[in-house]
Amino acid sequence: MFHDFFAWLQYDLGKQGEEGLSWSQALNGSQNLWNLFEGTHVLTLMFFAGTIWIIDLRMMGLAFRNVPFSKLNDRILPITMIAFGVMVFTGVVTLFGRQPATFYYHDMWFRLKMIFLLIAMANIFWFHYKVQTSQASWDADPTPPRNVRLSGAISMTCWVLIIIFGRFIAYDWYKCDKLPSDSFLYTFQECEHLYEGMDEDALEEEERLLNEDEDPLAGGGRVDPFAEPPPNPFGDPPAETTETPAEESPPDPGAPAETEAATPGQGE
Amino acid sequence: MTFNDLFPGAADFVANLGKTPPFSVIGDLYAPFGAIHLIGLALLGGCVIIMNLRLLGAGITDEAPSTIERNLRLWHYVGAAIVIGTGLVIGGLNAERLYTSGAFFVKMISMLSALIFTFGVVNAIAKNEGKVSTASLVLGAIAMVIFMIAMGVFSITDGISPGTFHVLTAGYAVLLLFGKKTRVLAGVAFVVMFGTVIEGYMVAGLDSFSPELQNLGVVRSWTAGVLLITLIGYEIYRQDATAGGRVARLIAVLSILSWVATAAGGRWIGFS
């Protein structure tokens, strides 16, 4: 759906001249700038997720049972919201500077992360505009009513999953080139559009990025430069069993034989 | 500085750790354990921030520090158990790599200070409604020295020294949260610091690896660090006593920053 927009962000925005780099490519290649943004995004988890979980635990009656919810909420929520703003900002920049092209957009884990982010947002709206209207009646209750507990549980679950999915983005278990074209995940990740809109230079750049050796000074997407990617705890996807039509194949020269994306690995 | 530098004789043992039980059995679960490690970090971090902000006279000021400590005690332990438990697993599965990692060394040293602060000092101060006993003072001093060593190694190790930016950022964030007299100045200082990061890259080019850019980064970090220490020191000294005295507030700031340094060191394992 938004493939063309992401491709434009990655390859065209800020590009000057035929040989110039787009802002995304330049950010990816920066010595430390991408790392600082991504690191800030992860570290702000302590300020954001940690504080919102304390509120969620109170909503579920599992912490601060003798402290009115309003006292906790009024004091902690501003910190949570500021931290969320920082996470959104750094997350957008991190997304923008990631290479190869449309890495995140066609990634299963990123899509799941965004889906649960929307669910978390919906839960927040439901709580504030529906559940919280009766706050005066349950504010001091050690165990709040069921709908409050449910909202807290949904919130906590969503943010736990968002963190997990965000962490899994670094792994290439279900990348498009590893999936059968008739599989659900292939469709879910819109893999059929992966190479659309890319000119020859962009395609060559993408293949180069997928196959290049690790640059020890480059930032942008290198999350854990271990020698071997870790095994897929969910089991590897089945190999392609049907003959793929020519127009659906990744372009020559050859599909990336081994996806050497920057992924953590076990020390063997 | 790495653990291999300190204990080179253990290199063979470390190299074989991933192949021995239980690590050889749970090898396929590296990724989930890594993700849960972050969850433990977030939970523990949230508890640490809320507890220490109370000692700084911010956050949940309607409740006594002992009340905050009692309510967060279980979740402190849960968060620490998750972080340490999963950390042992993912560490064991990548032992050889981490043994030669400067960032991992920083992470472990920072974590030592952070654990002492959180479970040996801050909890005692909070139970005592902000009063600092002699034992807390001694332990706090030890933890502070360890933290300074960790930050020193962090700032001079090639490849990871930019990671001190995260600790500085957290310091300014804490100052914005608890500061009264210096809040605006802290905000301006941080914007300027962050602005020079962007400005330097814009002038030199985002994809520049120029020595001038690196030198600018070093100067900026030291300037920001000295300014941060000055502002925090002034804020701690000049603030009216809220929950605790000056020593308690200093310990609270260092407790937060030691966990941030632990997390930053952990993140920069992957970047180095």
# chains A, B, ... in the order shown; residues from 1 in each chain; ligands from 1

call {"tool": "interface_residues", "arguments": {"of": "chain B", "to": "chain A", "cutoff": "6 Å", "atoms": "only C-alpha atoms", "output": "number ranges by chain"}}
result
B: 28-29, 35, 42-43, 45-46, 59-60, 71, 93-94, 206-207, 270

call {"tool": "residues_around", "arguments": {"residues": "Ile84 in chain B", "least_positions_apart": "5", "cutoff": "9 Å", "atoms": "only C-alpha atoms", "output": "list in words"}}
result
His37, Gly40, Gly79 and Val89 of chain B

call {"tool": "write_last_selection", "arguments": {"atoms": "C-alpha atoms", "output": "mmCIF file, in the first residue's frame"}}
result
data_model
loop_
_atom_site.group_PDB
_atom_site.id
_atom_site.type_symbol
_atom_site.label_atom_id
_atom_site.label_comp_id
_atom_site.auth_asym_id
_atom_site.auth_seq_id
_atom_site.Cartn_x
_atom_site.Cartn_y
_atom_site.Cartn_z
ATOM 1 C CA HIS B 37 15.702 -9.153 28.284
ATOM 2 C CA GLY B 40 12.875 -6.862 32.049
ATOM 3 C CA GLY B 79 12.484 -6.849 36.637
ATOM 4 C CA VAL B 89 21.310 -17.023 28.796
#

call {"tool": "residues_around", "arguments": {"residues": "range 223-238 of chain B", "least_positions_apart": "6", "cutoff": "12 Å", "atoms": "only C-alpha atoms", "output": "PyMOL selection string"}}
result
chain B and resi 55-57+151-152+155+164-194+196-197+216-217+244-254+257

call {"tool": "closest_residue", "arguments": {"among": "B:Phe7, B:Phe154, B:Phe147, B:Trp75", "to": "Ala114 in chain B", "atoms": "only C-alpha atoms"}}
result
B:Phe147
